[in-house]
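Here is the structure we will look at.
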Amino acid sequence: MRSIRFAPLFPLMMLCLAGLTACGGAEEGPTNHLGAAPAEVFYSYPHDGQRRVSPASPVVLRFSHPLTGGADGVRLSDADGNSVALAAPEPVDGGLGLLVRPAQGDLRPGTRYRLTLDGLETEAGPLAFPDGALTFETRLASGGANGQRGFDTVLRLREVLPDGDDLPFMDFSTLRLRFNQMLDTDTLTYGESISLTRDGELVPAIMLAKGDAVTLDPRQDLQPGERYTLTLGPSIRGFQGAALAGGGLQRSWVARDSRPRTVMVQETPPASGRGDDPCADPDGRRSRLTGQAMNCVPIEAVLLGDGDATQQSGNVFTELAFLPHYPDVSPLRIPRGSLLTGSNVKVKVAGAVPAGIETGDIAVTFLSDASGYLLPNPFSRRPEAPRQVRLFMDVAMTAENPEANGALSQTLLQVELVGVAKVEGQRLVIDALGVVEPEVLGQETAFGLLSLHTESYPDQNNAPAPIPDTRAPFLQSTMPMAEDGLAATVQPGDALVMNFSEPLDPESLEQALSLTREGVDEPFDWSLDGASVVVRPHRPLQPGDRYTLAVSDRATDLAEPANPVQPASRTFRLPALVGDPVAPVLITTYPGFPCAVDKASWHIAEGDHGRCRGGRDDDDHLPVPTLPADRPIRVTVSQDIDPASVQLGETCGSGSFRVERVAVDGDGNPVAIPDGDKRKYQCDAAVPGRLNVEARTLTFIPDQPWEDGAAYRYTLQSVNRASGQQPDDCVSGEAICSQAGKRLQTALLEGPEPDWGGPDLEIHFRGAPVTDSVFQALNNLPTADVNANGFFDDGEPGYGDGEPAVNTTRLEVLGGSTLTQNPRLACDTPERCDIQVVGALNSEVIGPGEYDDPRTEQQERLPAVRVGLYPTQILASSVTVKADVLIEGGIPIESPTGTQVMRMRHPEDGGLIPGWIVATDQGPEFRADVDLYLDAPYLEAPLGGQHNQHSYPLTMELTGPVTFLPNGRMVINQVNGNVIPISVELTELLGFLGASIHLQIPAGAVKLQYLGVPLKR
C-alpha cells in the first residue's frame, strides 16, 4: 500500500460527515426526526443519469417516509415513450423502500429509460422526483447482434470519469473511459494509441480494456497542480473497424491536491453467523436498500440456477481526501491490490444437480485503484438526507479450487456501486448496490446484485492493519492440459490458457511470457482475464509440432511490494496429420442439419426442409429450424479452413458464404421460383453482418437481431464437379475450401471422391424471440482419426497401453448366413478393429426438471436438468469385414466400409432430442436415448451385389458421468447401455445370390466423450 497518513484526521472526518454545515449532511438514525416535512426520495439505483446499467438490474428506491398506500405508482418507459410492464413492486424495510423489476425478462441493451412516480403516498404526502423523472441507460450487449453492441460508422468517446467538473480530477485519480461501441482491444497500446502525459512525458500506468471500457491507473500519485493530458490516437478502432471520430482527441485536467489524507478502515460484516450458508439465513442481517442478505452476491444463471450466493468479507482500507477542502464532493480511493474474500459455493448445474466441485474461497481483487466520491444527496437538500456514495472499481474474480477458477476467472471492468452514507455513533455506515455480470463457462452472462454494507471501526487508532501479501502466485492449470505432452483436447485455432492462483500485473507479463515452436520463438498476442493469461498464436497451432509455453519470475502479482510468480512451463504437441488430405466435411450447422438436401423434397413454406441427398426415399424429412434473435449462425467443419476461400456475400447470390432474407408473400410464406422438379426461393436482400473465420469454425453475427417470424437462409458454396476438375475456385467466392485446397463436401451420403466438392448447402430458417435457455457447444475430443479421413492411419495416436480410447465404437461379429462362412473383422491393430469417431454436438441447457428413468422397472423421479440435443452427423471410420462365400475357405470376400456417417434423428415432433443431467450418488450423469441412421456410402458389396447400409436405423441408450477438467472445461462421457444389432444384408451377389452378416455393438462398447468448447478465445 502507498505511504499514507492514518488515523489522526478521522475525528475531523466524522464531524464533517455527521452534519457540519460546511461538510454536508448524513442520515443519523432510523427515525431521522422528519416530523411533518414533505416526503422525498432519498436514494435510487440506478442513480439519475447512470450509464452502463445491467438490463437485468432492478430499480431500487428509498424514501424519507414509509409508504402508506399501494406500491403500484412506479412508471417506466423507454426513450420513445413506450411503457415497460413492471412486476408488482416489493416493499423493503417497512415501506421505506421499493424494489421494482420488469414483468417480462430484461430491459433492452443500449436503451435510455425514464422512471416516474405517480400515486406513491406517504403520511407526509406524495413522492416524486425533483425534476419529475429519473433517467438511466442500459449497457451495450456483450453478445447478440452487432447493433446491440453499439454498431455505428464512427467510434466516439462518450464519457471520462472523473470528468473534472462534477467529479474532481485528483492526484490519486484513476481514469475510466467509456465508448459508444465495443472496442477492438488489439488496437489499444498504452504509450502509442492511448496515453496519459505530463509535459509530454508518458505517465507510467496500468491499462485495462474490455468491451466498451478502458481504465488507466497511474502507478504513482500524480503531482497536484500539474496538467495531465489524455490522448487517443487515430489507430483506435471499434469492434467493427470504425475509426475514432475526428481522427483522435485530447483532453486535459489539472490534478487537485488530496493531502493530507485519512485512511478509514471499514469491515464488511457477515449477513449471519449461523449455518453453512449465511446468505440463505432468513433471520440474518438484511440490506436496508434491497431487503436481501447483506454482503452476499447471489449469482443468477441458467447454468448455475439462482440459489447460490457467495458471502463477501474482509477489511477495506479507504483513503479520503482532506474533507475540509472538499466539503460537498469528497473524493476517496481504495488502493489497487485490495482484496475481498467470498465464501465457498458448492456448484450445482442449473441450481438442481450438484456438479461435484466446489469453488473454495472466491477472491475479488482490485485490479486498479477504485475511485469514489461522497456526494450531496441528488434528491434532497435536507440535512437529514443521507449523502450519496459512488464508487467505480475494476476487479478480478477468482476461485481457490482449480476447476472453478478455470471456469470462473475473469475481469469485471468498471463496476459501479451507488449507495448512501450515514453516521451511526462512531461508525460511518455505507449501504451500496452494484451489479456484477460474470460469464459462466464462457457461455452465459450471469447476474449478481451486490448489497454491500460496510462499517468503519469506531476506534480507528486500533483498527486492523493491512495484512501484507507475501504469497507467490503459481500456475494452477492450463489449456491444453498436456500432462503427457500430447494435446489431444485442443484443435488448430484454439487459444492457449494459463490459469494462475491470483491476478498478475499486466506490465510484468510483457517480458515474462514466451512461446516457442520446435525451439524457435513463435509470435503471439496475449491478454489477461482475471487470473487467466490467454495466449493467441498469430497462426493456428501446427499439428505434430512441439510447442513450449512458459512464464518466468519476471511476472508478478499486484501486491506492493510485488511477489514474483513461480516459473512454469508446459511443453505439448498436437497429434500429427498423416495420410493424404481429404475434403472438409460439415460437422455441425446451427441452425439446421449439416447436409445438402434433395430440393425436390422440401416444402419450406410448410416447415419441411426435405431429405438429405444420398439418403433413402423414405428418410425422415428435416424441419425448418428457428434461430433466436440474439444468436449467431455457427458452422463447424472437420478440416482447417482456407480463410481466403470464405467470402461474405454483400448482395443476393454473391459470396461463398451467403446470408439472405427470403422474399415472402402476403401470408408470410417464402416465394418459390419454379426450377424444373426442384424448388428455389427468391432472395429479398443480403443480411448485413460480420463473419468470423476461425480454423474450423465460421460464425456470422447479423447487424440487427433476427426478426421474429421472418424467413432467412444461409448458404455455403461448393462446386459439385467430377474428380480431376480443379478450377481456381478457392479464392473466387465460388467454393469454401480447406487449407489443403479441397472443396467443401456437403453431401457425404452420395459417396463423393475427396476432390469432388459438393452441391451448395442451403439452410432456411425463421427468426424467433430470445430464449432463456443456454446454447452449449461440445466437441468429440480426443479422436484417433485426427485427419478425419475415415481411417486409422499409421502415425495417428493409438491406444497406448492397450485400453480403448474415447470416441470409439467396438464391433462384434456374431455370424452369417449359409452363404457367408467365417465372417470376421480384418484388422492388425485394435485401433483398426474399432470405429473412430469425429464429431461435435450443439445442445440447449433448458433448466431444472425431474427425470423418470424409463430404463428401470421402478421409476424414480430424480432431480435433473433438462437438455435438448440438436441432431447432427457424426463421422465414423472404416472397418473391414471378411467372409468366405458358400463354404469356409471358399470364395473370399473383403468389404471395407469406408467413411461411415451416423445421423442423429429428430423426434417425431421435429424438436430437439431430449437429454437429462441427472443427480446420482456417484455424481451428475448425462442420459439420452438417441435414434440414428447409419450410412456407409463408400461400402461396395462383394461380387457385384447390393447392401442395406443406407439409412439403417439404430438406437443408442447413452449414459455417463459429467465432470470438469482442472482448467474448467466440462466433460461428458457416454457409453451405450443397450446392445445394438446391425444386420448387413447383401443382395444380388453374382447377380442372384443373397447373404447376410450379423454384427452387434455390445453394451458399453460405444465410448463417446464430449468436451466443452474452450472457455477463453
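Every chain in the C-alpha cells has a letter given in the order shown (A, B, ...), and although residue numbers restart at 1 in each chain, ligands are simply numbered from 1 in the order shown.
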Write down as a PyMOL selection string the residues of range 467-578 of chain A whose backbone DSSP state falls under helix (DSSP H, G or I).
-> chain A and resi 506-509
Distance query Val60 in chain A at most 10 Å, only C-alpha atoms, self and fewer than 3 positions along chain excluded, as a list in words |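 That gives Tyr43, Ser44, Tyr45, Pro46, His47, Ser57, Pro89, Glu90, Pro91, Val92, Gly97, Leu98, Leu99, Val100, Arg101, Leu289, Thr290 and Leu433 of chain A.
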Spatial neighbours of Val395 in chain A, max dist 8 Å, only C-alpha atoms, sep filter under 6 positions, as a list in words =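 Residues near the query, excluding close chain neighbours: Val364, Thr365, Phe366, Leu367, Ser368, Thr411, Leu412, Leu413, Val415 and Gly530 of chain A.
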Next, dump the selected residues to file, keeping only N, CA and C atoms, as a CSV table (one decimal), in the first residue's frame.
chain,number,residue,atom,x,y,z
A,364,VAL,N,-12.1,-11.5,-4.7
A,364,VAL,CA,-12.3,-10.3,-5.5
A,364,VAL,C,-11.2,-9.4,-5.3
A,365,THR,N,-10.3,-9.3,-6.3
A,365,THR,CA,-9.1,-8.5,-6.2
A,365,THR,C,-9.2,-7.2,-7.0
A,366,PHE,N,-8.9,-6.0,-6.4
A,366,PHE,CA,-9.0,-4.8,-7.1
A,366,PHE,C,-7.8,-4.7,-8.1
A,367,LEU,N,-8.1,-4.6,-9.4
A,367,LEU,CA,-7.0,-4.6,-10.4
A,367,LEU,C,-6.5,-3.2,-10.6
A,368,SER,N,-7.2,-2.2,-10.1
A,368,SER,CA,-6.8,-0.8,-10.2
A,368,SER,C,-7.3,-0.1,-9.0
A,411,THR,N,-12.1,-10.8,-15.6
A,411,THR,CA,-12.1,-9.4,-15.2
A,411,THR,C,-13.5,-8.8,-15.3
A,412,LEU,N,-13.9,-8.1,-14.3
A,412,LEU,CA,-15.1,-7.3,-14.3
A,412,LEU,C,-14.7,-5.9,-14.3
A,413,LEU,N,-14.9,-5.2,-15.4
A,413,LEU,CA,-14.4,-3.8,-15.6
A,413,LEU,C,-15.4,-2.8,-15.3
A,415,VAL,N,-17.1,-1.7,-12.6
A,415,VAL,CA,-18.3,-2.0,-11.8
A,415,VAL,C,-18.6,-0.7,-11.0
A,530,GLY,N,-9.1,-11.8,-15.6
A,530,GLY,CA,-9.0,-12.2,-14.2
A,530,GLY,C,-7.6,-12.8,-13.9
Sorted per-residue table, range 679-699 of chain A near range 640-663 of chain A, closest atoms and distance, 6 Å, only C-alpha atoms, as CSV:
residue,atom,partner,partner_atom,distance
A:Gln682,CA,A:Ala663,CA,5.5
A:Cys683,CA,A:Val662,CA,4.6
A:Asp684,CA,A:Ala663,CA,4.6
A:Ala685,CA,A:Arg661,CA,5.4
A:Ala686,CA,A:Glu660,CA,4.3
A:Val687,CA,A:Glu660,CA,5.1
A:Ala695,CA,A:Asp640,CA,4.9
A:Arg696,CA,A:Asp640,CA,5.2
Serialized selection, C-alpha atoms, as an mmCIF file, in the first residue's frame:
data_model
loop_
_atom_site.group_PDB
_atom_site.id
_atom_site.type_symbol
_atom_site.label_atom_id
_atom_site.label_comp_id
_atom_site.auth_asym_id
_atom_site.auth_seq_id
_atom_site.Cartn_x
_atom_site.Cartn_y
_atom_site.Cartn_z
ATOM 1 C CA GLN A 682 -36.467 -15.806 -54.016
ATOM 2 C CA CYS A 683 -33.861 -13.699 -52.250
ATOM 3 C CA ASP A 684 -35.068 -10.381 -50.898
ATOM 4 C CA ALA A 685 -31.722 -8.931 -49.775
ATOM 5 C CA ALA A 686 -28.397 -9.932 -48.287
ATOM 6 C CA VAL A 687 -28.306 -9.696 -44.490
ATOM 7 C CA ALA A 695 -9.571 -22.508 -38.187
ATOM 8 C CA ARG A 696 -12.587 -24.838 -38.045
#
Identify, on the basis of only C-alpha atoms, every residue whose closest approach to Asp369 in chain A does not exceed 6 Å; exclude the query and any residue fewer than 5 positions from it along the same chain; express the result as a list in words.
->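 Everything that qualifies: Ile334, Pro335 and Arg336 of chain A.
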